[in-house]
Structure formats: C-alpha cells, structure tokens
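Asks: Dropping a structure here in structure tokens format, bear with me for questions.
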2 protein chains.
Amino acid sequence: MPSYYPDSSAVLGAELLVEQLTPGAQGTEKDNPNVYVVGDVGFFKEITTAPGEASTDANKHNFKEFQGNLGMAECQYIIKHELDNLRAKDEAHVPGYPKMKLYPGKSVIRRMQSKGILVQVFPLHEKEELKRLSFSWFKKIKLSFQPLDDIRHYFGEGMALYFGFLEYFTLALIPMALIGIPYYLFDWEDYDKFTVFAGFNLVWCTVILELWKRLSASLAYGWGTLSRKKAFEEPRPGFHGVLGVNPVTGRAEPLYSNAKRQLRIYLVSVPFVLLCLYLSLYVMMIYFDMEGWALMIHDEEPTFWTGLLLFIPSIIYAVVIEIMNLIYRYAAEFLTGWENHRLESTFQNHLVLKVLVFNFFNCFASLFYIAFVMQDMVLLRQSLATLLITSQILNQIMEAFLPYWLQRRRNKKAHKRMIKTMEDKELPLSEQVKLEADMSTYLGTFDDYLELFLLFGYVSLFSCVYPLAAVLVVLNNVTEVYSDAFKMCKVFKRPFSEPAANIGVWQLAFEAMSVIAVVTNCALIGMSPQVKSYFPESETQLIMWVVGFEHFLLASKFILTFVIPDVPKHIQIKLSRLEFESLEALKKRVSLTD
Amino acid sequence: MPSYYPDSSAVLGAELLVEQLTPGAQGTEKDNPNVYVVGDVGFFKEITTAPGEASTDANKHNFKEFQGNLGMAECQYIIKHELDNLRAKDEAHVPGYPKMKLYPGKSVIRRMQSKGILVQVFPLHEKEELKRLSFSWFKKIKLSFQPLDDIRHYFGEGMALYFGFLEYFTLALIPMALIGIPYYLFDWEDYDKFTVFAGFNLVWCTVILELWKRLSASLAYGWGTLSRKKAFEEPRPGFHGVLGVNPVTGRAEPLYSNAKRQLRIYLVSVPFVLLCLYLSLYVMMIYFDMEGWALMIHDEEPTFWTGLLLFIPSIIYAVVIEIMNLIYRYAAEFLTGWENHRLESTFQNHLVLKVLVFNFFNCFASLFYIAFVMQDMVLLRQSLATLLITSQILNQIMEAFLPYWLQRRRNKKAHKRMIKTMEDKELPLSEQVKLEADMSTYLGTFDDYLELFLLFGYVSLFSCVYPLAAVLVVLNNVTEVYSDAFKMCKVFKRPFSEPAANIGVWQLAFEAMSVIAVVTNCALIGMSPQVKSYFPESETQLIMWVVGFEHFLLASKFILTFVIPDVPKHIQIKLSRLEFESLEALKKRVSLTD
C-alpha cells in the first residue's frame, strides 16, 4: 500500500477501520463491485468551536455545554473528511492504475471517484436510530415541534436548519392565514379592503426574517456551529486546470485562469440566461393569448364548462412553468459546472444566482404584467390562485411521490427484501449496502429552499389581492414537512452531513424578496380605488404620497435590520465568555512556557 | 508599594521605567504637582495579527511583512494599556487615600484619575521625530501624497486613516470639480443642464465609497491592523453602577441596569433631540422671514447695497447653524454620558447618532425646504453657496486659528520658551512636560469626520443646482489638510494612539448620505423643466419614470456594494495564507505535544 498522510485538523487520534465485504451469493446482478465498509475506532474531540483559539483547559469545561457526546452526523462528517484527505505523497499515479495521475497533495479518493474506480461513497442508514427518528418525526400523529436535535444528530446541522426554517416559516404564516380566512369566508372580495392586510403583511415579512436570524443563531449555538470557522476549502471535485502552486497553501494544485472563467460567464452564461428569460416571456405571451381565447369563448356562450375553461390556460401555464424551471435547473447546473469554479461555495453561489433570477422571472413575470400593465385585479387574483395551487400539487408529486415510485419500480425485484430491510434490523450488512446503493441520491436542500422561496413570493408579493395565499401555503407546508421527512428517511440514501451555522445565501434571497414585496404592495395599494378616492383631484399627489410611504417603509426596514441584533443577548454573552476564557488560558499557557 | 498585577495580553516581557521628575525651580506657578515620566525597557512583540491564533514559528516569517520594528504609536499604546491594566488585587482603597475605594480588578490609574489625584496622563511629543514628520508633512511646498506611514508611526492608525480618508476624498472630488468649473465659467446657469452632472455624481459617490473600503483595507493590512481582533473592552472611565459580577469575565465590576438606561434614552434623550430639531426648524422659519424681508427691501429700491443685503440672512443663518451645532454637540455629549453606557464604543455610537441626526437636519433642512416645498431653484443655489462658504470659513477659524490663538494667550509668559521648545531639542525634560501639559487636548477625529460628512452632504445632495460646490470643497480640503497637520503637530498635546482597521461608523454615515443623495437628485432631475418637457401631456407618467429610475439606481447601488469585494484580492490571498500557516503550525505543535 502507498503511504498517504492523513491531514485532518479536526480529529486527533481517529483511526478508521476498513473492512471488505465479500460479495453476496446472488448471481442476479451482473456487476459485483468490491464493497468496503469504513468505520471508526472511537473519537475524542479536540474542540474547535471557540472562535479560533487553540484548545485549552478552560475550553474543556465549556464542552459539556455544547453536547454530551459526538453526534452521528458529526462522526460521519469526520470520516468523510479523513477519507477526502488521504493525499498522495510522492506517487505519480494510483497504484495499479498507471493512467490515473496523482501529484503530491492530490486527494486519492477524489481522483478515484472522478475516474470511476470508486463508484460511489455514501453513509449507511442506521436502522435503530432511523426507526427512533422516524417515530418521533412523522409517525406519531400528535401535533408537536420538529425533533430538530434528533434530526441534527442523524442528518447534521444543514438538514436540521432546513427543517427548522420550514417549521418556523409555517408557524410565522399562521397569523396571516388566520387574518386571510375571514376575508375569504365573508366574501370581502372587494380588494380595496386588503390594503390594511398588505400593510400588516409588510411589517410581518421584515420581522419574521429578522427573528429567524436570532432563532437560527440560538440553534447553531446549541449545536456548537455558530462561531465555527470555515475550513480551508479544497477545490471541488469537477474542477480542472493546469498544475500550478496554490498561493495560499503552497501546495501543488490545478489552477485555472480567472480571466477565462470571466469570459465563459459573460460571453456564454449571461447570454444564455437572457435567452431563457426571453423564452419565458414568449411563453407568457402565448399564455395571454390562450387566456384571451378562453375568455372569448366564455363570453360568447357562458356555460359551466366554459367557466371551467377559463382556468385551463392558467393550469397549462403553471405546468409549463414547472417544466421550464426543471429544464433550466439542469442547464444552469451544467453551465455553472462548465464555468469551472474552483470552490464548491463559489459554484453554489453562481448556481443559486442563475436559478433564482430565472425562477423568479418565470414564476412572477405574468403576475407583474397582469398587475401593473393590464391592471386587471380580477385576473390577477385568479391567475395567482391557479399558479399557486397547481405548482403546489406538482411539487408534492415531483418531490415525494415520483422518487418513491421510481425507486419502487427500480427495485421491483428487490422489493420484498427492501420492505424487510425497513422493518428488520437483522439483515446482513452486505444486503443493506446493496439495497441502499440503489436508493436515489438526495441532492441537497437547494430545491427545498427554492420551493419555499417561491411560495414566500406568492404570499408576499401580491398578498393584498389574494389573502388566502397564506392559508394555502400553510397547508402546503404542513404536508411538506411530512413528505420531506418521509423522503429523507425512506426514499433517499442517507446524505453526507454538512455542518452549518445558518441558512446562508437563502437568508439574503428571502430578504431581497421582502424588499421587492414592499415595492409591489405599495404600488398595489396606490392603485386601489379606495386609496384613489382620497385624492380625487390630483393623481400626482396620490403618487407622491405612495412613493413617500414606500420610501419610509424601505428606510424602516433597513433601520430595523440594523437595530435588531442578529444574535440574542444571552448567546452573545456566552460567546464572549468563551472567547475571554480561551484568551486567559492562552495567556497562562504562554507565561508557563516562558 | 501595593502589588498590582499587570494584565496585558499584547506584551510579554515589557517592563516600564518610572522616573519622578523634580519640580523645576520657577516659583511662578502656584501648583507644582508631581510629574512622573513612564518609559519602556524595550519590547518584543508576540504577534496578535494573524486572526486569533496562538503565535507560532510560521508567523514569525510573516512578521517582517508588516513592519521591521515597533512603531512609536504602538509602543505608546502598549504603555497606555499597561498603565490602564494596573489593577487592584486585595486593596480596599488606594494606599494613602482611604476615601478612594478599590475592589479586586479595578484599574488603579482610572480610579486615581476620576478622583483627581492623577491630574492628567498624556504622551510627550518627540522633538526629533516631530520635526521630521512636520517637514515631510506640511513644511515642504511641493505637491505630494500624505506621508501616511509616518503619520501612523507617530500618531497611530486612527489618525493616519483620517488623513488617508481626507486625502482620498479630496482626490476623488477633483473630477467632479473639473466638470463643475466650465459650468460656472461659461455661465451655464440654467440648471436643467446639470441633470447629466447629477447622474455622473450619483455613480461617482457610490464608486468612491466602495473603493475607499478597499484602499482602507490595503492600508490596514500594511499596518497589521486589518484582522486585528477587538480586545475585551473595559468599562469606560465615566461609567458607574452597583458593584456586581461581569457575566463574561467573572470579575467584580460596577453593573448598571439596561432597563434604566433605556428609560433615560427614551424618556429624556429622545425628547431632547426632538426639541432641538423643533428649535432648529423654528430658527429656519425666522431665516425665511428675514430672507423675505431682505427681498422686499431689495425689490422696493434695488441698489448695490440692497443686492448685498440679500446675502446677509443666509450668512447670519449659517453662523447661527454653526453655533447651534456647537452647543448641541456639548449637550449631546453630556446627555450620552448621563445615559451611562458601559462601553466606550456604545457611548460613541449613541453620541454619533445623536450628533449626526441633528447636524444633518440643522444644516440641510432649509435646503430641503427651499428645494421641495418652495421649489425655488435660484434661492436654493444662492442659499447653498452661502451656507457652504460661510461654514467653511467658520470651520477653518474654529478649528485651527482659534485653538492656536487661545494657546498663545495662555502661554504668554512661557511664550519665548515655547518658541525655543519648538526649535531647540536640548530643553530639559521637566520643562518640556510643563509646556506640553498646558497645550490643548485633542478630542479625537470625531469633529473632523463630522465636518467632512457635512461637506460631502453639500456636494452630493444638491449637486445638480450648484456644481461649483465640489470645487469649493476641494479647495477647503487642501487647506484643511495643512491646518489639520499643523494643529496636530503644533497646537495640541500629542494624543494617545488607537489602533484602527477602518473609519468605522463613518463609512456607514457616508453611505447613508449617498443613498439620500440618490433620492434628492432624482427628485431634482424630475423637477427640472428640461425633463418635464419630455412629458408634456402627463405629469403622472413623468413621476413614474423618475421613481422607476430612482429605484433602479438604488438597486444598482446595493448590488454594486455586494459585487465589489471589500478587501482586494491580493490581500485576501495573503490573509488566507497567514491563517493557513498558523493552522498548520498549530497542528504541528499539537501533534508534538501528544
């Protein structure tokens, strides 16, 4: 065996157990790849939670404040880290595979993955734990909060934060939903009355986003990830370039010129996105044609069926939107990969930006057009409702039922065994590995957050014409919690856990949406006949007032963002104490060495 | 002597030399206090620049990148820190002064200062260095950049950043000034033509503020303060309360209930500020009465003298504004002190907020009123010019000449000796101490930044009616550089240096001003007859376009702020390398100890 040097900074004294599983006796599968199970021989944890201090005695006392013992997700993260950091020393290639070039410092696992020797690496589900988690999560019917600590224990902080956010978002929408219901029940269809509702909505959006930051800080503090420093990011697996020297680490590493990347972004990606936006506009225009045609038929000879026909264009349009989003999603991923970003985080940022811009435009362009160009509030309400409901139904199908159904088809032969797997913990390890290897791979929380983001848009952007939106979103989210929980536990391979301190770029995206919501809602309020009646003589004065009010709201929003501290006071104090104690300990240590 | 324990974390092995000066032989002064001179016995520096890592071998190599040896300002800061951290251990009072209570951990120097035993603590000027600095700074006539490194060496980073910003701001205004001159020379008085100028101005404001962030990061990196962690802040000297236990450090310390402070803020300070704003409005109304009265006289019988009379109200108003600002400044300082903030930084933030709100309102309210209520562009231009010029002249007098003159009066008797001091380095130490003790105390960069902030307001808020403002501000700043340099070297006691990584809250203040400038300039553009003529039939459409344009500009501003990285790429790389190397060294150290 060649000598790789482990390079982990998080673990000291971790030793990995590697065991080769003998292939099972089934002759059904053509390909029987070698399967290795990697396990740990017990860890002890050197704290890295105190912000950037060498660990010292003082810290040890604070350790128990974070958690009693290492979570499963944490163990798994460490094993992953160890594996990824098996690096070549002087080997020029992977032993036995002369074509697989290595250079000093190259991660061996990654090279083997990219060349296809290593087919897949994934963590196994742990039957007992999963059973317990499933039970507390979605098997008992009684209403309760999400078992976030258990989710974090099993799936890691990133996943737990997603479910925390999903739950928080749902709870935060309940007041809006409660106000929305009487509007609908008592047929207050006259949309002027919704201006009060819109005002409430605006304040609400800002406040809930600020409070979430504090809640998320509390959660992350409890999990010990709040002041976690980002580890040095390795180049992402797909990154390629000419071998050079990394100016930061001094290690040999592929380099790729930034100028070339910029060229690819501005000469290919940006025009492509613009083209897609144009296409989306074109589809929107077809939708309006269809809408006009349906209305014409209905007006000629109104029956129950033509009344139903009125909804058909919106439904078709909603389905087309979803399909376009899906196709665009793949294109964006391909394109961002082709841009050849060095770091996974930069890759993610560019992908998120591309996808967000297109999805926002694709979903809401027609609503903006109806609201501000056609100024047809009845059509706006109808269109909003149809889009929202259709996309919710489609999403539920695509997200939970489709993968489940696909997997069942795929595993037809192994079906019975699989059912057994889910119930019987006595299944041999090799069987379990084979079964789980065939499960779908969970692609991260991206799509889940994206869905929430679009729902948030439907609720906040045009809330004053359709207050029932909040009710629909709450209902959707309640089922979403269960279907997401179900798919994580039953449908997908167990994903690798990723430590996280917050929901990252999505916080920004939601805040941007709430700023846009201020603008649209103010404009809608200004267009309402009720407000117009206050300024019968001068339209100019009306607009000035609305613009002034909008500026006031925007300014308040920004001031509020500054005034509300992102981290609750009691956690700030605890963090400072940690920092203070590690400084004191450092001082003591230094004065001892002197 | 009681046993105090020095508590400095920055210095290891520093020893302070304390020497008592024998009082001089002059019988002229009634009071001959004891004078102690504190000096150092050579330092060696344990790096604290790498973000929060224990210093290690790897860091030592990077040390020379920052600086060859310890700057004077740095030595001085360390001595100050050492003195402030002489803390009581078990003494109940200062030895010899039973009334001066101490508790464990209380800084002895501070208690002695607050009780008046210690009259003043200040660093001495160093003749040789000062001479060299003065020469390179303001004595040579040739045009050159500010000697920022020398300033930093002598006065510390905070001061150097102020002069750096002053210089940068002046240079950044030159393009605007160059465009403004032809407008004035060729009498393009018709203010419609300024819309192009206003557009340029808006982009310019955003860009220069963003670039300053990068420049300031470069400077701070060169000085080693960029990633400096804030030390634990001690309670500020004026803070009082009931003795309790600090939850962070666990030390005995006075505590003051936050609820009481909030009550003081909201029940006293806020109403007071509002009252002052009302007063300022009242004065403004008197100004408009005076303006009307002068105009009436001029209209009745226009002569050269009545033409001159037209400027009198504005000049009087400008003087009154300056006086009100000055009085308010003292009131705000008293009030913020009375609010009893625990930390100096919180105190400063509350003070800055109070002062900024009032000064902004006081200086610009009349201009806003003229521009948007009276819509009188001729009066706006005249009023802006008079306010700007008068306040510049007053400021120069108040800032440089007045303190100099006051000090000369005070030192009449010591005058000749003083002249000698400035030229002769052979003056005995005791004489020098006595002379410098009588010099005025420099109160920090607050007022200097405030002045720049208001000038920036005059330039940016209404730039499209008076493009010459930029020229005036450039001229003012050129003299300001020299008068500020002169007063720092000749008029004031040498101030204590304070490490700084950026201009802090002022960056935010300038950015807020540039946002307000977008709004006002868009409004002015919308009101110009030139733009109005594009929409002859519909005022509504005009407003919609202007509002849309304004929103577009604001959005671009925020996107630009995100897109331009605050720290230049090459410095980011250097910082990551530092961090990486200290992590590697830590790993090595830990694996050695195991």
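If you're wondering about the labels, chains in the structure tokens are A, B, ... by order shown, residues count from 1 in each chain, ligands from 1 in order shown.
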Quick one: residues within 9 Å of region 539-556 of chain A, only C-alpha atoms, excluding same-chain residues fewer than 5 positions away - as a list in words?
Replies: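 Contacts, with the query itself left out: Leu202, Val203, Val515, Val518, Val519, Cys522, Ala523, Ile525, Gly526, Val531, Lys532, Tyr534 and Thr561 of chain A; Glu539, Thr540, Ile543, Met544 and Val547 of chain B.
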Asks: List as a compact mmCIF listing (two decimals) with N, CA and C atoms, in the first residue's frame the protein and nucleic acid residues near Trp137 (chain B), meaning an atom at most 9 Å away when only C-alpha atoms are counted, but skip any in the same chain fewer than 6 places from it.
Replies:
# COMPACT_ATOMS: atom_id res chain seq x y z
N PHE B 145 1.71 63.05 -1.95
CA PHE B 145 0.75 62.36 -1.11
C PHE B 145 1.10 62.56 0.35
N GLN B 146 0.12 62.35 1.19
CA GLN B 146 0.34 62.43 2.63
C GLN B 146 1.31 61.34 3.06
N PRO B 147 2.23 61.64 3.97
CA PRO B 147 3.14 60.60 4.45
C PRO B 147 2.42 59.71 5.47
N ASP B 150 4.35 57.60 7.98
CA ASP B 150 4.99 58.38 9.04
C ASP B 150 3.96 58.85 10.06
N ILE B 151 2.81 59.26 9.57
CA ILE B 151 1.75 59.71 10.48
C ILE B 151 1.36 58.56 11.39
N TYR B 482 -3.58 70.91 5.51
CA TYR B 482 -2.46 71.63 6.12
C TYR B 482 -2.79 72.11 7.52
N ALA B 485 -2.85 69.15 9.87
CA ALA B 485 -1.49 68.67 10.14
C ALA B 485 -0.81 69.62 11.11
N PHE B 486 -0.97 70.92 10.86
CA PHE B 486 -0.33 71.92 11.71
C PHE B 486 -0.83 71.81 13.14
Asks: So which one's closest to chain A, B:Glu322, B:Glu128, B:Glu584, B:Glu451? Using only C-alpha atoms, please.
Replies: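 Nearest to chain A: B:Glu584.
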Asks: From a DSSP calculation on the backbone, collect every residue of region 344-489 of chain B in helix (DSSP H, G or I) and output the set as a ChimeraX atom specification.
Replies: /B:344-374,377-410,415-423,429-437,446-461,468-489
Asks: Kindly export the residues of the current selection with C-alpha atoms, as a tab-separated table (two decimals), in the first residue's frame.
Replies:
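Result file is again.tsv:
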chain	number	residue	atom	x	y	z
B	344	GLU	CA	-16.73	53.45	25.13
B	345	SER	CA	-17.86	52.04	21.77
B	346	THR	CA	-21.57	52.09	22.71
B	347	PHE	CA	-21.11	55.60	24.07
B	348	GLN	CA	-19.54	56.68	20.79
B	349	ASN	CA	-22.30	55.09	18.71
B	350	HIS	CA	-25.03	56.85	20.66
B	351	LEU	CA	-23.16	60.13	20.51
B	352	VAL	CA	-22.53	59.84	16.78
B	353	LEU	CA	-26.18	59.01	16.12
B	354	LYS	CA	-27.42	61.98	18.16
B	355	VAL	CA	-24.98	64.41	16.60
B	356	LEU	CA	-25.44	63.17	13.04
B	357	VAL	CA	-29.23	63.38	13.10
B	358	PHE	CA	-29.21	66.90	14.47
B	359	ASN	CA	-26.39	68.23	12.28
B	360	PHE	CA	-27.93	66.74	9.17
B	361	PHE	CA	-31.27	68.30	9.98
B	362	ASN	CA	-29.82	71.61	11.09
B	363	CYS	CA	-27.62	72.05	8.04
B	364	PHE	CA	-29.84	70.70	5.31
B	365	ALA	CA	-33.45	71.26	6.44
B	366	SER	CA	-33.59	74.74	4.91
B	367	LEU	CA	-32.18	73.45	1.63
B	368	PHE	CA	-34.74	70.63	1.50
B	369	TYR	CA	-37.49	73.14	2.25
B	370	ILE	CA	-36.35	75.50	-0.50
B	371	ALA	CA	-35.88	72.69	-3.00
B	372	PHE	CA	-39.02	70.65	-2.48
B	373	VAL	CA	-41.58	72.92	-0.81
B	374	MET	CA	-40.76	76.34	-2.25
B	377	MET	CA	-34.00	76.87	-7.63
B	378	VAL	CA	-32.40	80.32	-7.68
B	379	LEU	CA	-32.79	80.72	-3.96
B	380	LEU	CA	-31.56	77.11	-3.48
B	381	ARG	CA	-28.38	77.84	-5.38
B	382	GLN	CA	-27.76	81.09	-3.54
B	383	SER	CA	-28.53	79.61	-0.14
B	384	LEU	CA	-26.38	76.52	-0.76
B	385	ALA	CA	-23.42	78.65	-1.82
B	386	THR	CA	-23.69	80.99	1.15
B	387	LEU	CA	-24.11	78.17	3.68
B	388	LEU	CA	-21.22	76.22	2.25
B	389	ILE	CA	-18.78	79.12	2.04
B	390	THR	CA	-19.67	80.58	5.43
B	391	SER	CA	-19.44	77.25	7.21
B	392	GLN	CA	-16.08	76.55	5.57
B	393	ILE	CA	-14.65	79.88	6.71
B	394	LEU	CA	-16.05	79.47	10.23
B	395	ASN	CA	-14.71	75.96	10.47
B	396	GLN	CA	-11.22	76.94	9.46
B	397	ILE	CA	-11.25	79.68	12.07
B	398	MET	CA	-12.67	77.49	14.82
B	399	GLU	CA	-10.52	74.53	14.09
B	400	ALA	CA	-7.06	75.88	13.54
B	401	PHE	CA	-6.71	79.56	14.33
B	402	LEU	CA	-8.82	79.74	17.47
B	403	PRO	CA	-7.04	76.97	19.42
B	404	TYR	CA	-3.69	78.34	18.30
B	405	TRP	CA	-4.59	81.85	19.39
B	406	LEU	CA	-6.07	80.66	22.71
B	407	GLN	CA	-2.98	78.71	23.45
B	408	ARG	CA	-0.69	81.61	22.62
B	409	ARG	CA	-2.64	83.78	25.04
B	410	ARG	CA	-2.48	81.13	27.73
B	415	HIS	CA	5.89	82.09	25.04
B	416	LYS	CA	9.51	82.62	24.42
B	417	ARG	CA	10.43	79.38	25.99
B	418	MET	CA	7.87	77.71	23.86
B	419	ILE	CA	9.27	79.04	20.65
B	420	LYS	CA	12.53	77.70	21.91
B	421	THR	CA	10.91	74.33	22.59
B	422	MET	CA	9.77	74.08	19.08
B	423	GLU	CA	13.23	74.65	17.74
B	429	LEU	CA	12.53	67.10	30.14
B	430	SER	CA	10.76	68.79	33.04
B	431	GLU	CA	10.37	71.99	31.02
B	432	GLN	CA	9.00	70.09	28.07
B	433	VAL	CA	6.48	68.28	30.26
B	434	LYS	CA	5.29	71.55	31.75
B	435	LEU	CA	4.91	73.20	28.39
B	436	GLU	CA	3.07	70.34	26.81
B	437	ALA	CA	0.79	69.90	29.80
B	446	PHE	CA	-14.94	62.93	15.60
B	447	ASP	CA	-15.29	66.61	14.70
B	448	ASP	CA	-13.01	66.30	11.72
B	449	TYR	CA	-15.03	63.44	10.26
B	450	LEU	CA	-18.26	65.27	11.04
B	451	GLU	CA	-17.06	68.26	9.05
B	452	LEU	CA	-16.16	66.05	6.08
B	453	PHE	CA	-19.56	64.39	6.35
B	454	LEU	CA	-21.39	67.70	6.13
B	455	LEU	CA	-19.22	68.85	3.23
B	456	PHE	CA	-20.00	65.58	1.47
B	457	GLY	CA	-23.67	66.38	2.02
B	458	TYR	CA	-23.33	69.83	0.43
B	459	VAL	CA	-21.57	68.30	-2.57
B	460	SER	CA	-23.82	65.32	-3.14
B	461	LEU	CA	-27.35	66.24	-2.05
B	468	LEU	CA	-19.21	74.63	-8.04
B	469	ALA	CA	-19.70	73.03	-4.60
B	470	ALA	CA	-17.16	70.34	-5.47
B	471	VAL	CA	-14.58	73.00	-6.36
B	472	LEU	CA	-15.13	74.79	-3.06
B	473	VAL	CA	-14.88	71.57	-1.09
B	474	VAL	CA	-11.65	70.60	-2.86
B	475	LEU	CA	-10.14	74.00	-2.03
B	476	ASN	CA	-11.35	73.70	1.54
B	477	ASN	CA	-9.88	70.21	1.90
B	478	VAL	CA	-6.49	71.26	0.60
B	479	THR	CA	-6.21	73.92	3.29
B	480	GLU	CA	-7.82	71.52	5.77
B	481	VAL	CA	-5.04	69.00	5.27
B	482	TYR	CA	-2.46	71.63	6.12
B	483	SER	CA	-4.30	73.18	9.03
B	484	ASP	CA	-5.11	69.75	10.49
B	485	ALA	CA	-1.49	68.67	10.14
B	486	PHE	CA	-0.33	71.92	11.71
B	487	LYS	CA	-2.67	71.69	14.66
B	488	MET	CA	-1.74	68.06	15.31
B	489	CYS	CA	1.94	68.88	15.42
Asks: For each of A:Ser497, A:Thr225, A:Ser314, A:Gln572, take the minimum atom-to-atom distance to Lys80 (chain A), counting only C-alpha atoms, then give the residue where this is smallest.
Replies: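 Going through A:Ser497, A:Thr225, A:Ser314, A:Gln572 one by one, the smallest distance to Lys80 (chain A) is for A:Ser497.
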Asks: Given the choices A:Leu308, A:Leu586, A:Ala517, A:Ala172, which gets closest to chain B if the distance is worked out from only C-alpha atoms?
Replies: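 With only C-alpha atoms as the atom set, the closest residue is A:Leu586.
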Asks: What is the distance between CA of Tyr256 (chain B) and CA of Gly337 (chain B), in Å to one decimal?
Replies: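 Result for CA of Tyr256 (chain B) versus CA of Gly337 (chain B): 13.3 Å, one decimal.
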Asks: How many Å separate CA of Glu157 (chain A) from CA of Ile503 (chain A)?
Replies: 10.0 Å
Asks: Would you please extract all strand (DSSP E or B) residues from region 94-197 of chain B, as assigned by DSSP on the backbone, and give them as a tab-separated table (two decimals) with all heavy atoms, in the first residue's frame?
Replies:
chain	number	residue	atom	x	y	z
B	94	VAL	N	-6.96	53.09	47.56
B	94	VAL	CA	-5.63	53.49	47.11
B	94	VAL	C	-4.78	53.81	48.34
B	94	VAL	O	-5.22	54.56	49.21
B	94	VAL	CB	-5.73	54.75	46.21
B	94	VAL	CG1	-4.35	55.21	45.79
B	94	VAL	CG2	-6.60	54.46	45.01
B	97	TYR	N	-4.85	57.03	50.52
B	97	TYR	CA	-6.11	57.76	50.28
B	97	TYR	C	-7.28	56.86	50.69
B	97	TYR	O	-7.87	56.20	49.84
B	97	TYR	CB	-6.25	58.15	48.83
B	97	TYR	CG	-5.17	59.08	48.34
B	97	TYR	CD1	-3.97	58.59	47.84
B	97	TYR	CD2	-5.36	60.47	48.39
B	97	TYR	CE1	-2.98	59.44	47.41
B	97	TYR	CE2	-4.37	61.32	47.95
B	97	TYR	CZ	-3.18	60.81	47.46
B	97	TYR	OH	-2.21	61.66	47.03
B	98	PRO	N	-7.63	56.82	51.96
B	98	PRO	CA	-8.64	55.86	52.43
B	98	PRO	C	-10.00	56.05	51.76
B	98	PRO	O	-10.81	55.14	51.73
B	98	PRO	CB	-8.74	56.15	53.93
B	98	PRO	CG	-7.64	57.09	54.24
B	98	PRO	CD	-7.14	57.71	52.99
B	99	LYS	N	-10.23	57.26	51.24
B	99	LYS	CA	-11.55	57.50	50.66
B	99	LYS	C	-11.68	56.91	49.26
B	99	LYS	O	-12.79	56.82	48.72
B	99	LYS	CB	-11.83	59.01	50.61
B	99	LYS	CG	-12.39	59.52	51.91
B	99	LYS	CD	-12.85	60.95	51.76
B	99	LYS	CE	-13.27	61.52	53.11
B	99	LYS	NZ	-13.30	62.98	53.07
B	100	MET	N	-10.55	56.60	48.66
B	100	MET	CA	-10.61	56.12	47.28
B	100	MET	C	-10.76	54.61	47.24
B	100	MET	O	-9.80	53.87	47.23
B	100	MET	CB	-9.38	56.55	46.53
B	100	MET	CG	-9.72	57.71	45.63
B	100	MET	SD	-8.29	58.30	44.87
B	100	MET	CE	-7.78	59.44	46.10
B	101	LYS	N	-12.02	54.19	47.23
B	101	LYS	CA	-12.32	52.75	47.31
B	101	LYS	C	-11.82	52.00	46.07
B	101	LYS	O	-11.92	52.48	44.94
B	101	LYS	CB	-13.84	52.56	47.41
B	101	LYS	CG	-14.43	53.14	48.68
B	101	LYS	CD	-14.31	52.16	49.84
B	101	LYS	CE	-14.89	52.75	51.10
B	101	LYS	NZ	-14.06	53.84	51.68
B	107	SER	N	-9.13	49.16	37.85
B	107	SER	CA	-7.93	49.82	37.37
B	107	SER	C	-7.59	50.98	38.30
B	107	SER	O	-8.40	51.86	38.55
B	107	SER	CB	-8.17	50.33	35.95
B	107	SER	OG	-7.20	51.30	35.64
Asks: Do you have the CA of Glu233 (chain B)-CA of Leu343 (chain B) distance handy?
Replies: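 Separating CA of Glu233 (chain B) from CA of Leu343 (chain B) is a distance of 6.6 Å.
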Asks: Quick one: everything within 12 Å of Gln76 (chain B), counting only C-alpha atoms, minus sequence neighbours fewer than 2 positions away in the same chain. Send it as a PyMOL selection string.
Replies: chain B and resi 16+38-40+42-43+70-74+78-83+121-126+153-156+494-499
Asks: Give the answer as one residue: which of A:Leu133, A:Leu215, A:Ile323, A:Ala198 has the shortest atom-to-atom distance to Phe462 (chain A), using only C-alpha atoms?
Replies: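 Under the stated criterion, the closest residue is A:Ala198.
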Asks: At a cut-off of 7 Å, using only C-alpha atoms, what residues contact Lys213 (chain A)? Leave out same-chain residues fewer than 4 positions from it and give the result as a list in words.
Replies: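 Surrounding residues, per the criterion: Leu209, Ala217 and Asp566 of chain A.
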Asks: Print the selection's residues with C-alpha atoms to a file, as a PDB file, in the first residue's frame.
Replies:
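Listed below is the output, part35.pdb:
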ATOM      1  CA  LEU A 209     -36.929  37.273   8.770  1.00  0.00           C
ATOM      2  CA  ALA A 217     -28.192  31.686  15.895  1.00  0.00           C
ATOM      3  CA  ASP A 566     -28.603  39.054  14.837  1.00  0.00           C
TER       4      ASP A 566
END
Asks: Excluding Ser114 (chain A) and residues on its chain fewer than 5 positions from it, collect all residues at most 10 Å away from it, counting only C-alpha atoms, and give them as a list in words.
Replies: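 Residues near the query, excluding close chain neighbours: Met100, Val108, Ile109, Val119, Pro237 and Gly238 of chain A.
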Asks: I need the residues from that last selection saved to file as a short mmCIF file (atom, residue, chain, number, x, y, z; two decimals), in the first residue's frame (with N, CA and C atoms), if you can.
Replies:
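And here is the file that came out, again.cif:
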data_model
loop_
_atom_site.label_atom_id
_atom_site.label_comp_id
_atom_site.auth_asym_id
_atom_site.auth_seq_id
_atom_site.Cartn_x
_atom_site.Cartn_y
_atom_site.Cartn_z
N MET A 100 -4.03 6.81 -13.95
CA MET A 100 -4.62 7.76 -13.02
C MET A 100 -3.56 8.58 -12.33
N VAL A 108 -6.67 11.22 -3.02
CA VAL A 108 -6.72 9.97 -3.77
C VAL A 108 -8.16 9.55 -4.04
N ILE A 109 -8.99 9.67 -3.02
CA ILE A 109 -10.39 9.28 -3.15
C ILE A 109 -11.05 10.05 -4.30
N VAL A 119 -17.07 3.79 -7.38
CA VAL A 119 -18.38 4.07 -7.99
C VAL A 119 -19.17 5.06 -7.15
N PRO A 237 -14.68 18.69 -6.70
CA PRO A 237 -14.29 17.52 -7.49
C PRO A 237 -14.22 17.79 -9.00
N GLY A 238 -15.15 18.53 -9.56
CA GLY A 238 -15.16 18.71 -11.01
C GLY A 238 -14.12 19.69 -11.54
#
